[in-house]
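Enquirer: Contents of query21.cif (mmCIF, C-alpha atoms):
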data_target
#
loop_
_atom_site.label_atom_id
_atom_site.label_comp_id
_atom_site.auth_asym_id
_atom_site.auth_seq_id
_atom_site.Cartn_x
_atom_site.Cartn_y
_atom_site.Cartn_z
CA MET A 163 67.92 37.89 -3.67
CA SER A 164 64.65 39.58 -2.63
CA SER A 165 64.26 41.02 -6.13
CA THR A 166 64.56 37.50 -7.56
CA PHE A 167 61.70 36.26 -5.35
CA VAL A 168 59.63 39.29 -6.35
CA PHE A 169 60.26 38.50 -10.02
CA ILE A 170 59.36 34.80 -9.60
CA GLY A 171 56.27 35.68 -7.59
CA GLY A 172 55.19 38.17 -10.22
CA ALA A 173 55.70 35.64 -13.00
CA LEU A 174 53.62 33.03 -11.16
CA LEU A 175 50.87 35.58 -10.61
CA VAL A 176 50.83 36.38 -14.31
CA LEU A 177 50.62 32.69 -15.20
CA LEU A 178 47.76 32.11 -12.75
CA LEU A 179 45.93 35.16 -14.03
CA ALA A 180 46.43 34.06 -17.63
CA GLY A 181 45.13 30.59 -16.79
CA TYR A 182 42.10 32.06 -15.03
CA LEU A 183 41.30 34.42 -17.90
CA GLY A 184 41.85 31.60 -20.40
CA GLN A 185 39.31 29.40 -18.61
CA MET A 186 36.86 32.29 -18.27
CA TYR A 187 36.95 33.76 -21.76
CA MET A 188 38.55 31.27 -24.17
CA PRO A 189 36.47 28.40 -25.54
CA PRO A 190 37.31 25.17 -23.68
CA PRO A 191 39.14 22.49 -25.64
CA LYS A 192 37.06 19.76 -27.16
CA PRO A 193 37.41 16.32 -25.57
CA LYS A 194 40.27 14.37 -27.10
CA ILE A 195 39.34 10.98 -25.69
CA VAL A 196 35.92 9.34 -25.24
CA GLY A 197 34.71 6.63 -22.89
CA ILE A 198 32.79 3.59 -24.14
CA ASP A 199 30.71 1.10 -22.19
CA LEU A 200 30.37 -1.91 -24.51
CA GLY A 201 27.66 -3.77 -22.63
CA THR A 202 26.14 -7.21 -22.94
CA THR A 203 22.69 -5.76 -23.57
CA TYR A 204 23.19 -2.02 -24.17
CA SER A 205 26.16 0.16 -25.16
CA CYS A 206 26.84 3.88 -24.92
CA ILE A 207 29.56 6.52 -25.30
CA GLY A 208 30.42 9.51 -23.13
CA MET A 209 32.80 12.43 -22.88
CA PHE A 210 34.00 14.84 -20.20
CA HIS A 211 33.87 18.57 -20.96
CA ALA A 212 36.60 20.85 -19.60
CA VAL A 213 35.75 23.85 -17.37
CA THR A 214 32.08 22.90 -16.87
CA GLY A 215 32.90 19.37 -15.73
CA VAL A 216 29.80 18.14 -17.55
CA ILE A 217 29.71 14.44 -18.38
CA ASP A 218 27.83 14.04 -21.64
CA ILE A 219 26.44 10.63 -22.59
CA LEU A 220 25.71 11.16 -26.26
CA GLU A 221 22.56 10.43 -28.19
CA VAL A 222 23.42 7.66 -30.61
CA GLN A 223 20.27 6.59 -32.39
CA ASP A 224 16.78 8.08 -32.69
CA GLY A 225 17.13 10.10 -29.48
CA HIS A 226 18.47 7.14 -27.47
CA ARG A 227 21.72 7.44 -25.54
CA CYS A 228 22.06 3.69 -25.03
CA ILE A 229 21.58 1.37 -27.97
CA PRO A 230 20.96 -2.39 -27.86
CA SER A 231 24.18 -4.34 -28.38
CA VAL A 232 22.61 -6.03 -31.39
CA VAL A 233 23.92 -6.31 -34.96
CA ALA A 234 21.91 -7.74 -37.84
CA PHE A 235 23.16 -8.87 -41.24
CA SER A 236 20.68 -8.65 -44.09
CA ASP A 237 20.73 -8.67 -47.88
CA ASP A 238 20.47 -4.87 -47.72
CA GLY A 239 23.42 -4.33 -45.36
CA VAL A 240 24.34 -4.26 -41.67
CA LEU A 241 21.96 -2.85 -39.06
CA VAL A 242 22.84 -1.86 -35.50
CA GLY A 243 21.03 -1.15 -32.25
CA TYR A 244 17.32 -0.37 -32.40
CA LYS A 245 17.30 -0.82 -36.18
CA ALA A 246 18.62 -4.34 -35.74
CA VAL A 247 16.07 -5.12 -33.03
CA ALA A 248 13.20 -3.81 -35.17
CA GLN A 249 13.81 -6.41 -37.87
CA SER A 250 14.81 -9.26 -35.56
CA GLU A 251 11.45 -11.04 -35.65
CA HIS A 252 11.79 -11.44 -39.45
CA ASN A 253 15.52 -12.20 -39.46
CA PRO A 254 16.30 -14.07 -36.23
CA LYS A 255 19.08 -16.27 -37.65
CA ASN A 256 21.13 -13.27 -38.76
CA THR A 257 20.43 -11.00 -35.77
CA LEU A 258 23.38 -11.30 -33.39
CA TYR A 259 23.62 -10.32 -29.74
CA ASP A 260 25.33 -11.30 -26.48
CA ALA A 261 28.77 -10.88 -28.11
CA LYS A 262 30.22 -9.83 -24.76
CA ARG A 263 29.37 -13.27 -23.33
CA PHE A 264 31.56 -14.91 -25.96
CA ILE A 265 34.41 -12.47 -26.55
CA GLY A 266 37.84 -13.93 -25.80
CA LYS A 267 36.41 -17.11 -24.24
CA ARG A 268 36.95 -20.74 -25.16
CA PHE A 269 34.12 -23.29 -25.14
CA ASP A 270 34.15 -27.06 -25.39
CA ARG A 271 31.68 -29.06 -27.47
CA GLU A 272 29.27 -29.72 -24.60
CA GLU A 273 29.17 -26.03 -23.64
CA LEU A 274 28.56 -25.07 -27.26
CA GLU A 275 25.65 -27.51 -27.57
CA THR A 276 24.07 -26.05 -24.44
CA LEU A 277 24.56 -22.51 -25.70
CA GLN A 278 23.06 -23.27 -29.11
CA LYS A 279 19.72 -24.17 -27.53
CA GLN A 280 19.43 -20.61 -26.22
CA TYR A 281 19.87 -18.78 -29.52
CA ALA A 282 18.11 -18.64 -32.90
CA PHE A 283 21.38 -17.90 -34.72
CA LYS A 284 23.99 -20.57 -35.42
CA LEU A 285 27.12 -20.85 -33.30
CA GLU A 286 30.29 -22.78 -34.00
CA ALA A 287 33.73 -23.00 -32.42
CA ASP A 288 37.01 -22.52 -34.27
CA GLU A 289 40.06 -24.73 -33.71
CA TYR A 290 40.81 -22.87 -30.46
CA GLY A 291 37.28 -23.17 -29.05
CA MET A 292 36.48 -19.53 -29.78
CA ILE A 293 32.87 -18.81 -30.76
CA ARG A 294 31.89 -17.65 -34.22
CA TYR A 295 28.43 -16.68 -35.45
CA VAL A 296 27.35 -18.22 -38.76
CA VAL A 297 25.09 -15.97 -40.86
CA ASN A 298 23.69 -16.24 -44.36
CA VAL A 299 23.66 -13.08 -46.45
CA ASN A 300 22.72 -12.98 -50.13
CA LYS A 301 22.82 -16.79 -50.09
CA THR A 302 26.42 -16.69 -48.91
CA GLU A 303 27.47 -18.16 -45.56
CA LYS A 304 29.69 -15.90 -43.46
CA ARG A 305 31.42 -16.36 -40.12
CA ILE A 306 31.43 -13.39 -37.76
CA THR A 307 33.47 -13.20 -34.56
CA PRO A 308 32.21 -11.56 -31.33
CA GLU A 309 34.91 -8.89 -31.64
CA GLN A 310 33.65 -8.06 -35.14
CA VAL A 311 30.14 -7.62 -33.74
CA GLY A 312 31.62 -5.39 -31.04
CA SER A 313 33.50 -3.36 -33.64
CA VAL A 314 30.28 -2.61 -35.54
CA ILE A 315 28.67 -1.33 -32.33
CA ILE A 316 31.76 0.73 -31.46
CA SER A 317 31.80 2.21 -34.98
CA THR A 318 28.22 3.37 -34.50
CA LEU A 319 29.12 4.96 -31.15
CA ARG A 320 32.19 6.57 -32.68
CA LYS A 321 30.15 8.17 -35.48
CA ALA A 322 27.81 9.68 -32.88
CA ALA A 323 30.81 11.24 -31.09
CA GLU A 324 32.26 12.60 -34.32
CA ALA A 325 28.92 14.11 -35.28
CA ASN A 326 28.77 15.81 -31.86
CA LEU A 327 32.35 17.13 -31.89
CA SER A 328 32.77 17.71 -35.63
CA VAL A 329 36.30 16.28 -35.36
CA PRO A 330 37.74 12.77 -35.79
CA VAL A 331 37.48 10.56 -32.71
CA ASN A 332 40.03 7.77 -32.52
CA LYS A 333 41.07 7.41 -28.86
CA VAL A 334 39.03 5.72 -26.16
CA VAL A 335 38.92 4.43 -22.60
CA MET A 336 36.86 1.25 -22.27
CA SER A 337 35.30 -0.65 -19.41
CA VAL A 338 35.19 -4.42 -18.91
CA PRO A 339 33.79 -6.70 -16.19
CA ALA A 340 36.22 -7.01 -13.28
CA GLU A 341 36.36 -10.77 -13.87
CA PHE A 342 37.66 -10.44 -17.46
CA ASP A 343 41.02 -12.13 -17.87
CA PRO A 344 43.85 -10.70 -20.04
CA ILE A 345 42.64 -12.57 -23.14
CA GLN A 346 39.10 -11.19 -22.84
CA ARG A 347 40.49 -7.69 -22.27
CA ASN A 348 42.71 -8.01 -25.34
CA PHE A 349 39.82 -9.15 -27.52
CA THR A 350 37.73 -6.22 -26.27
CA MET A 351 40.57 -3.91 -27.30
CA LYS A 352 40.71 -5.71 -30.66
CA ALA A 353 37.02 -4.86 -31.20
CA ALA A 354 37.88 -1.19 -30.73
CA SER A 355 40.91 -1.50 -33.00
CA LEU A 356 38.75 -2.99 -35.77
CA ALA A 357 36.57 0.12 -35.42
CA GLY A 358 39.63 2.32 -35.92
CA MET A 359 40.05 3.33 -32.29
CA GLU A 360 43.11 3.23 -30.04
CA VAL A 361 42.37 2.02 -26.52
CA LEU A 362 44.43 4.09 -24.09
CA ARG A 363 43.17 2.31 -21.01
CA VAL A 364 40.80 -0.43 -19.87
CA ILE A 365 39.21 -0.10 -16.43
CA ASN A 366 36.90 -2.39 -14.50
CA GLU A 367 33.18 -1.65 -14.60
CA PRO A 368 32.83 -1.38 -10.78
CA THR A 369 35.71 1.13 -10.75
CA ALA A 370 34.01 3.14 -13.49
CA ALA A 371 30.74 3.15 -11.55
CA ALA A 372 32.51 4.35 -8.38
CA LEU A 373 34.15 7.16 -10.40
CA ALA A 374 30.74 8.21 -11.72
CA TYR A 375 29.47 8.53 -8.15
CA GLY A 376 32.53 10.58 -7.18
CA LEU A 377 33.53 8.11 -4.46
CA HIS A 378 37.24 8.59 -5.28
CA LYS A 379 36.93 12.15 -3.96
CA LYS A 380 35.90 11.12 -0.44
CA ALA A 381 38.45 11.30 2.34
CA GLY A 382 39.54 8.12 4.09
CA LEU A 383 39.05 4.46 3.31
CA HIS A 384 35.62 3.29 2.16
CA ASN A 385 34.04 -0.10 1.56
CA VAL A 386 31.89 0.22 -1.55
CA LEU A 387 29.61 -2.53 -2.81
CA VAL A 388 28.75 -2.28 -6.51
CA ILE A 389 25.69 -4.26 -7.60
CA ASP A 390 25.52 -4.51 -11.39
CA LEU A 391 22.33 -6.13 -12.65
CA GLY A 392 21.94 -5.79 -16.40
CA GLY A 393 20.07 -7.59 -19.12
CA GLY A 394 21.84 -10.91 -18.79
CA THR A 395 24.25 -10.93 -15.86
CA LEU A 396 24.53 -10.04 -12.19
CA ASP A 397 27.88 -8.96 -10.80
CA VAL A 398 28.59 -7.87 -7.23
CA SER A 399 31.97 -6.37 -6.35
CA LEU A 400 33.36 -5.09 -3.06
CA LEU A 401 35.90 -2.30 -3.50
CA ASN A 402 38.21 -0.63 -1.03
CA ILE A 403 38.56 2.97 -2.19
CA GLN A 404 40.97 5.55 -0.83
CA GLY A 405 41.54 8.64 -2.89
CA GLY A 406 42.09 7.46 -6.45
CA MET A 407 43.17 3.94 -5.43
CA PHE A 408 40.76 1.05 -6.02
CA LEU A 409 41.26 -2.45 -4.66
CA THR A 410 38.82 -5.25 -5.48
CA GLN A 411 38.30 -7.22 -2.27
CA ALA A 412 35.76 -9.77 -3.50
CA MET A 413 33.57 -10.59 -6.50
CA ALA A 414 30.56 -12.83 -6.96
CA GLY A 415 27.78 -13.10 -9.46
CA ASN A 416 25.42 -15.06 -11.61
CA ASN A 417 26.18 -15.05 -15.34
CA ARG A 418 22.67 -16.23 -16.12
CA LEU A 419 20.51 -13.80 -14.19
CA GLY A 420 19.25 -10.48 -15.48
CA GLY A 421 16.50 -8.58 -17.22
CA GLN A 422 16.15 -11.19 -19.97
CA ASP A 423 15.27 -13.81 -17.35
CA PHE A 424 12.64 -11.54 -15.81
CA ASN A 425 11.22 -10.97 -19.29
CA GLN A 426 11.09 -14.70 -19.95
CA ARG A 427 8.87 -15.28 -16.91
CA LEU A 428 6.40 -12.67 -18.16
CA LEU A 429 6.64 -14.02 -21.71
CA ASP A 430 5.82 -17.54 -20.51
CA HIS A 431 2.83 -16.13 -18.61
CA MET A 432 1.60 -14.29 -21.72
CA MET A 433 1.99 -17.43 -23.85
CA GLY A 434 -0.25 -19.18 -21.34
CA VAL A 435 -2.78 -16.34 -21.59
CA VAL A 436 -2.83 -16.69 -25.38
CA GLN A 437 -3.37 -20.44 -25.21
CA GLU A 438 -6.15 -20.16 -22.63
CA ARG A 439 -7.94 -17.30 -24.39
CA PHE A 440 -7.72 -18.50 -28.00
CA GLY A 441 -7.33 -22.24 -27.53
CA GLN A 442 -4.14 -22.36 -29.58
CA VAL A 443 -0.44 -22.58 -28.76
CA LEU A 444 1.52 -19.63 -30.09
CA GLU A 445 4.30 -21.15 -32.20
CA ASP A 446 4.95 -18.58 -34.93
CA LYS A 447 8.46 -17.13 -34.46
CA ALA A 448 7.50 -13.68 -35.72
CA ASP A 449 4.55 -13.41 -33.32
CA ILE A 450 6.63 -14.72 -30.42
CA GLN A 451 9.37 -12.18 -31.14
CA ALA A 452 6.79 -9.38 -31.35
CA LEU A 453 5.33 -10.50 -28.02
CA ARG A 454 8.86 -10.57 -26.57
CA LEU A 455 9.31 -6.90 -27.53
CA HIS A 456 5.97 -5.98 -25.94
CA VAL A 457 7.02 -7.80 -22.77
CA GLU A 458 10.23 -5.72 -22.63
CA GLU A 459 8.19 -2.52 -23.01
CA ALA A 460 5.83 -3.67 -20.25
CA LYS A 461 8.72 -4.38 -17.87
CA LEU A 462 10.16 -0.91 -18.44
CA SER A 463 6.76 0.70 -17.92
CA LEU A 464 6.26 -1.16 -14.62
CA THR A 465 9.38 0.45 -13.11
CA SER A 466 7.41 3.70 -12.86
CA HIS A 467 3.76 2.60 -13.11
CA GLU A 468 1.69 0.14 -11.13
CA GLN A 469 0.01 -1.26 -14.23
CA THR A 470 0.37 -1.41 -18.00
CA THR A 471 -1.33 -3.21 -20.89
CA ILE A 472 0.12 -5.48 -23.56
CA LYS A 473 -1.66 -4.96 -26.88
CA MET A 474 -0.81 -6.71 -30.14
CA THR A 475 -2.21 -8.50 -33.17
CA LEU A 476 -1.48 -12.22 -33.42
CA HIS A 477 -1.11 -12.62 -37.17
CA SER A 478 -0.49 -16.36 -37.04
CA LEU A 479 -3.77 -16.89 -35.17
CA GLY A 480 -5.97 -15.23 -37.77
CA ASN A 481 -5.13 -11.64 -36.74
CA LYS A 482 -6.72 -12.08 -33.33
CA LYS A 483 -6.27 -9.13 -30.96
CA LEU A 484 -4.51 -9.61 -27.63
CA GLN A 485 -5.09 -7.01 -24.94
CA GLU A 486 -3.97 -8.01 -21.46
CA PRO A 487 -3.42 -5.84 -18.36
CA VAL A 488 -0.19 -6.53 -16.48
CA SER A 489 0.34 -5.23 -12.94
CA ARG A 490 3.59 -4.64 -11.10
CA THR A 491 2.34 -7.10 -8.46
CA LEU A 492 1.94 -9.82 -11.09
CA PHE A 493 5.43 -9.13 -12.49
CA GLU A 494 6.92 -9.31 -8.98
CA ASP A 495 5.06 -12.54 -8.18
CA LEU A 496 6.26 -14.18 -11.41
CA ASN A 497 9.87 -13.25 -10.64
CA TYR A 498 10.03 -13.25 -6.86
CA ASP A 499 12.42 -16.22 -6.60
CA LEU A 500 14.71 -14.63 -9.22
CA PHE A 501 14.68 -11.27 -7.43
CA LYS A 502 15.65 -13.03 -4.19
CA LYS A 503 18.57 -14.62 -6.06
CA THR A 504 20.12 -11.16 -6.46
CA LEU A 505 21.00 -11.28 -2.75
CA GLN A 506 22.99 -14.53 -2.97
CA PRO A 507 26.16 -12.98 -4.50
CA ILE A 508 26.01 -10.23 -1.86
CA ASP A 509 26.17 -12.92 0.84
CA LYS A 510 29.15 -14.54 -0.88
CA VAL A 511 31.05 -11.26 -1.29
CA LEU A 512 30.62 -10.20 2.33
CA GLU A 513 31.56 -13.69 3.51
CA ALA A 514 34.71 -13.70 1.33
CA ALA A 515 35.73 -10.25 2.63
CA ASN A 516 34.82 -11.15 6.23
CA LEU A 517 32.57 -8.09 6.50
CA GLN A 518 29.19 -7.46 8.08
CA SER A 519 26.54 -5.66 6.05
CA SER A 520 26.81 -2.73 8.48
CA GLU A 521 30.48 -2.28 7.51
CA VAL A 522 29.61 -1.42 3.91
CA ASP A 523 29.80 2.38 3.56
CA GLU A 524 28.19 2.75 0.14
CA ILE A 525 25.92 0.56 -1.98
CA VAL A 526 26.01 1.56 -5.65
CA LEU A 527 23.45 0.30 -8.17
CA VAL A 528 24.49 -0.21 -11.79
CA GLY A 529 22.62 -1.67 -14.76
CA GLY A 530 19.13 -1.08 -16.07
CA SER A 531 17.56 -3.94 -14.11
CA THR A 532 18.41 -2.24 -10.79
CA ARG A 533 15.61 0.21 -11.64
CA ILE A 534 13.10 -2.53 -10.79
CA PRO A 535 11.41 -1.37 -7.56
CA LYS A 536 11.41 -4.84 -5.95
CA VAL A 537 15.17 -5.23 -6.53
CA ARG A 538 15.83 -1.88 -4.84
CA GLU A 539 13.50 -2.79 -1.98
CA LEU A 540 15.28 -6.11 -1.34
CA VAL A 541 18.71 -4.43 -1.35
CA GLN A 542 17.52 -1.71 1.02
CA ASP A 543 16.01 -4.26 3.41
CA TYR A 544 19.24 -6.31 3.33
CA PHE A 545 21.47 -3.40 4.35
CA GLY A 546 18.97 -1.38 6.36
CA LYS A 547 19.72 1.72 4.29
CA LYS A 548 19.01 3.05 0.84
CA PRO A 549 21.43 2.27 -1.98
CA ASN A 550 23.00 5.17 -3.85
CA THR A 551 20.93 5.89 -6.97
CA ALA A 552 22.08 9.46 -7.69
CA VAL A 553 23.43 8.43 -11.10
CA ASP A 554 21.29 6.80 -13.78
CA PRO A 555 22.25 3.13 -13.28
CA GLU A 556 22.24 2.49 -17.02
CA LEU A 557 24.71 5.34 -17.60
CA ALA A 558 26.94 4.96 -14.54
CA VAL A 559 29.68 2.88 -16.18
CA ALA A 560 29.75 5.08 -19.29
CA SER A 561 29.96 8.17 -17.07
CA GLY A 562 32.89 6.65 -15.19
CA VAL A 563 34.90 5.80 -18.30
CA ALA A 564 34.16 9.30 -19.64
CA ILE A 565 35.65 10.76 -16.44
CA GLN A 566 38.73 8.55 -16.81
CA ALA A 567 39.03 9.61 -20.46
CA GLY A 568 38.88 13.24 -19.36
CA ILE A 569 41.65 12.69 -16.83
CA ILE A 570 43.91 11.02 -19.38
CA GLY A 571 43.14 13.80 -21.85
CA GLY A 572 44.19 16.47 -19.36
CA MET A 573 40.74 18.06 -19.14
CA TRP A 574 40.51 20.42 -16.18
CA PRO A 575 39.33 20.53 -13.41
CA LEU A 576 39.94 16.76 -13.15
CA THR A 577 43.14 15.76 -11.32
CA VAL A 578 42.76 12.34 -9.70
CA SER A 579 43.11 9.28 -11.92
CA ALA A 580 41.84 5.84 -10.96
CA VAL A 581 44.62 3.49 -9.92
CA GLU A 582 43.43 -0.12 -9.85
CA LEU A 583 45.66 -2.06 -7.49
CA PRO A 584 46.52 -5.61 -8.60
CA THR A 585 44.43 -8.33 -7.00
CA LYS A 586 44.28 -12.12 -7.17
CA VAL A 587 40.60 -12.18 -6.26
CA ARG A 588 38.51 -14.50 -8.43
CA LYS A 589 34.83 -14.21 -9.06
CA ILE A 590 32.62 -16.58 -7.08
CA HIS A 591 29.98 -17.98 -9.43
CA VAL A 592 26.54 -18.45 -7.93
CA PRO A 593 24.27 -20.78 -9.93
#
Written as structure tokens, how would this file's structure read?
Expert:
Amino acid sequence: MSSTFVFIGGALLVLLLAGYLGQMYMPPPKPKIVGIDLGTTYSCIGMFHAVTGVIDILEVQDGHRCIPSVVAFSDDGVLVGYKAVAQSEHNPKNTLYDAKRFIGKRFDREELETLQKQYAFKLEADEYGMIRYVVNVNKTEKRITPEQVGSVIISTLRKAAEANLSVPVNKVVMSVPAEFDPIQRNFTMKAASLAGMEVLRVINEPTAAALAYGLHKKAGLHNVLVIDLGGGTLDVSLLNIQGGMFLTQAMAGNNRLGGQDFNQRLLDHMMGVVQERFGQVLEDKADIQALRLHVEEAKLSLTSHEQTTIKMTLHSLGNKKLQEPVSRTLFEDLNYDLFKKTLQPIDKVLEAANLQSSEVDEIVLVGGSTRIPKVRELVQDYFGKKPNTAVDPELAVASGVAIQAGIIGGMWPLTVSAVELPTKVRKIHVP
């Protein structure tokens, strides 16, 4: 009997040694599955590398790891991301965005009429109330669904992954807002399918963010508040996390509050500056779109600088030159009431979960708009402690789905998979 144990022990030792030597000296396997964050405003793709444990959010376009979730149809073909944005001022009716707002959702006539006022492109509903974009290419009218727009973005992300790995990429883990119902999740999966990708799993964005921060590795039960403030929406979720188990306790948010709203306040201010300085109202769509892009650049600059300058030529006003300094203080004053609104869903979530702010163990920031210093300051003052910003907020969700993709793909040293426990919690909408 003792010789049998010696034999088994020796065999196990050999296996362990072989595994160790394999990890040390053999090239690690290439990732088999990628993670995609198909965002309302920006989208990106990531992968988990075995052995090193490195999470790689890939460059997709012109050195950028996140690309605008924008698709443009022109007589010369289909443009995506920054290329689509660059031509948007000359082709606004065929430049499509915000597909995530529409995917898998039904709208009645009144809702559609309200939506149409917000966009330069034409919207219509099919017989089921599902939104379709109407574009005109080569004098031919075409109808494009939100999932088709999503598939074009996913195809671009997929090509970036294939260029990085030099192998076909056709399996993916995707993230969706926690509030998405089964229909919206299915249409998101359909977008991936149209891009030739098999969706192995869909996880909630707050869960993905918590994975990126490694909160599933902490011992014991934790209350984690995820604040996701992107380009167009604000979502606040309270999670109970223990090991790899995630339970959504409460959700609240504002579907019409985000970076685009902050931009609009600064754009309105700049339109007033133009009118006061040159005595003319700026009405030219191309000039307004160009000014909109400069406003976005100014907002980004003000996250790290106290002041910036907007410079541009107003072609419709006789090529007059606009040069206007913009301070962080001015930007904060213009948006102060909107920044304060970011706290309202936090109140609702804590109230719904019957928790005090002091009982929240971790505050995680997600979404590019949480980089705004005033937003971070308000959150810190609310909780009396700094939020967790160790992960780039714009890449947190993509990092989390990349980790989940690595787990499903058997990439060591990952072992714990996210298990999202079923919940009947509904999102509380804050106007």
Enquirer: Find the spatial neighbours of A:Leu583, counting only C-alpha atoms, within a cut-off of 12 Å - ignore same-chain residues fewer than 2 positions away - and output them as a PyMOL selection string.
Expert: chain A and resi 365-366+369+401-404+406-411+580-581+585-587
Enquirer: Mind dumping the selected residues with C-alpha atoms as a short mmCIF file (atom, residue, chain, number, x, y, z; two decimals), in the frame of the given file?
Expert:
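Below you can see again00.cif, which holds the result:
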data_model
loop_
_atom_site.label_atom_id
_atom_site.label_comp_id
_atom_site.auth_asym_id
_atom_site.auth_seq_id
_atom_site.Cartn_x
_atom_site.Cartn_y
_atom_site.Cartn_z
CA ILE A 365 39.21 -0.10 -16.43
CA ASN A 366 36.90 -2.39 -14.50
CA THR A 369 35.71 1.13 -10.75
CA LEU A 401 35.90 -2.30 -3.50
CA ASN A 402 38.21 -0.63 -1.03
CA ILE A 403 38.56 2.97 -2.19
CA GLN A 404 40.97 5.55 -0.83
CA GLY A 406 42.09 7.46 -6.45
CA MET A 407 43.17 3.94 -5.43
CA PHE A 408 40.76 1.05 -6.02
CA LEU A 409 41.26 -2.45 -4.66
CA THR A 410 38.82 -5.25 -5.48
CA GLN A 411 38.30 -7.22 -2.27
CA ALA A 580 41.84 5.84 -10.96
CA VAL A 581 44.62 3.49 -9.92
CA THR A 585 44.43 -8.33 -7.00
CA LYS A 586 44.28 -12.12 -7.17
CA VAL A 587 40.60 -12.18 -6.26
#
Enquirer: Expressed in Å to a single decimal, how great is the separation between atom CA of A:Pro339 and atom CA of A:Ile565?
Expert: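 Rounded to one decimal, the two atoms are 17.6 Å apart.
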Enquirer: How many Å lie between atom CA of A:Gly480 and atom CA of A:Ala448, rounded to one decimal?
Expert: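 According to the coordinates, atom CA of A:Gly480 and atom CA of A:Ala448 are separated by 13.7 Å.
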Enquirer: Do you know which residues the PyMOL selection byres ((chain A and resi 225-229) around 9) returns on this file, as a ChimeraX atom specification?
Expert: /A:203-207,219-224,230-232,242-244,315,319,556-557
Enquirer: Please indicate the distance in Å from atom CA of A:Ala564 to atom CA of A:Val386, rounded to one decimal place.
Expert: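 Distance reported for this atom pair: 20.4 Å.
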Enquirer: Measuring between only C-alpha atoms, which one of A:Leu453, A:Leu327, A:Val314, A:Ala246 shows the shortest distance to A:Lys192?
Expert: A:Leu327
Enquirer: Could you check which of A:Arg533, A:Arg347, A:Lys304, A:Gly197 is closest to A:Asn332, using all atoms listed in the file?
Expert: A:Gly197
Enquirer: Which residue, A:Gly291, A:Gly394, A:Pro330, A:Gly571, has the smallest gap to A:Glu273 when you use all atoms listed in the file?
Expert: A:Gly291
Enquirer: Using only C-alpha atoms, which residues of stretch 374-399 of chain A come within 10 Å of stretch 538-551 of chain A, and what is the closest atom pair for each, with the distance in Å to one decimal? Give it as a Markdown table, sorted by chain and residue number.
Expert:
| residue | atom | partner | partner_atom | distance |
| --- | --- | --- | --- | --- |
| A:Tyr375 | CA | A:Asn550 | CA | 8.5 |
| A:Leu387 | CA | A:Pro549 | CA | 9.5 |
| A:Val388 | CA | A:Pro549 | CA | 9.7 |
| A:Ile389 | CA | A:Val541 | CA | 9.4 |
Enquirer: Got a sec to resolve the PyMOL selection byres ((chain A and resi 363) around 9) on this structure and send the residues as a list in words?
Expert: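 So the PyMOL selection byres ((chain A and resi 363) around 9), applied here, picks out Val334, Val335, Met336, Ser337, Val361, Leu362, Val364, Ile365, Gln566, Ala567 and Ile570 of chain A.
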Enquirer: Produce a file of the selected residues containing C-alpha atoms, as an mmCIF file, in the frame of the given file.
Expert:
data_model
loop_
_atom_site.group_PDB
_atom_site.id
_atom_site.type_symbol
_atom_site.label_atom_id
_atom_site.label_comp_id
_atom_site.auth_asym_id
_atom_site.auth_seq_id
_atom_site.Cartn_x
_atom_site.Cartn_y
_atom_site.Cartn_z
ATOM 1 C CA VAL A 334 39.030 5.720 -26.160
ATOM 2 C CA VAL A 335 38.920 4.430 -22.600
ATOM 3 C CA MET A 336 36.860 1.250 -22.270
ATOM 4 C CA SER A 337 35.300 -0.650 -19.410
ATOM 5 C CA VAL A 361 42.370 2.020 -26.520
ATOM 6 C CA LEU A 362 44.430 4.090 -24.090
ATOM 7 C CA VAL A 364 40.800 -0.430 -19.870
ATOM 8 C CA ILE A 365 39.210 -0.100 -16.430
ATOM 9 C CA GLN A 566 38.730 8.550 -16.810
ATOM 10 C CA ALA A 567 39.030 9.610 -20.460
ATOM 11 C CA ILE A 570 43.910 11.020 -19.380
#
Enquirer: Counting all atoms listed in the file, which residues sit no farther than 12 Å from the position (41.2, -23.9, -30.8) in the file's frame? I'd like them as number ranges by chain.
Expert: A: 266-271, 286-294
Enquirer: Mind checking which residues fall within 12 Å of A:Thr470, counting only C-alpha atoms, ignoring those fewer than 2 positions away in the same chain, and posting them as a ChimeraX atom specification?
Expert: /A:456-468,472-473,485-493
Enquirer: Just so the selection is clear, what residues does the PyMOL selection byres ((chain A and resi 529) around 10) cover here, as JSON, numbers by chain?
Expert: {"A": [201, 203, 204, 371, 389, 390, 391, 392, 393, 395, 396, 397, 420, 421, 527, 528, 530, 531, 532, 533, 554, 555, 556, 557, 558, 559]}
Enquirer: From the set A:Leu455, A:Lys301, A:Gly358, A:Ala322, which residue has the shortest atom-to-atom contact distance to A:Gln249, counting all atoms listed in the file?
Expert: A:Leu455
Enquirer: At a cut-off of 12 Å around the point (9.6, -14.2, -10.6) (file coordinates), what residues fall inside when counting all atoms listed in the file? I'd like the answer as a PyMOL selection string.
Expert: chain A and resi 419-431+490-504+536-537
Enquirer: Could you pull the residues within 6 Å of A:Met209, counting all atoms listed in the file, minus those fewer than 2 positions along the same chain, as a VMD selection string?
Expert: chain A and resid 196 217 to 218 564
Enquirer: A:His378, A:Lys284, A:Arg418, A:Arg305: which is nearest A:Glu582, counting all atoms listed in the file?
Expert: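 Using all atoms listed in the file, A:Glu582 sits closest to A:His378.
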Enquirer: Between A:Tyr295, A:Ala323, A:Ala370, A:Pro254, which one has atoms that come closest to A:Leu274, using only C-alpha atoms?
Expert: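 Checking each of A:Tyr295, A:Ala323, A:Ala370, A:Pro254 against A:Leu274, counting only C-alpha atoms, the winner is A:Tyr295.
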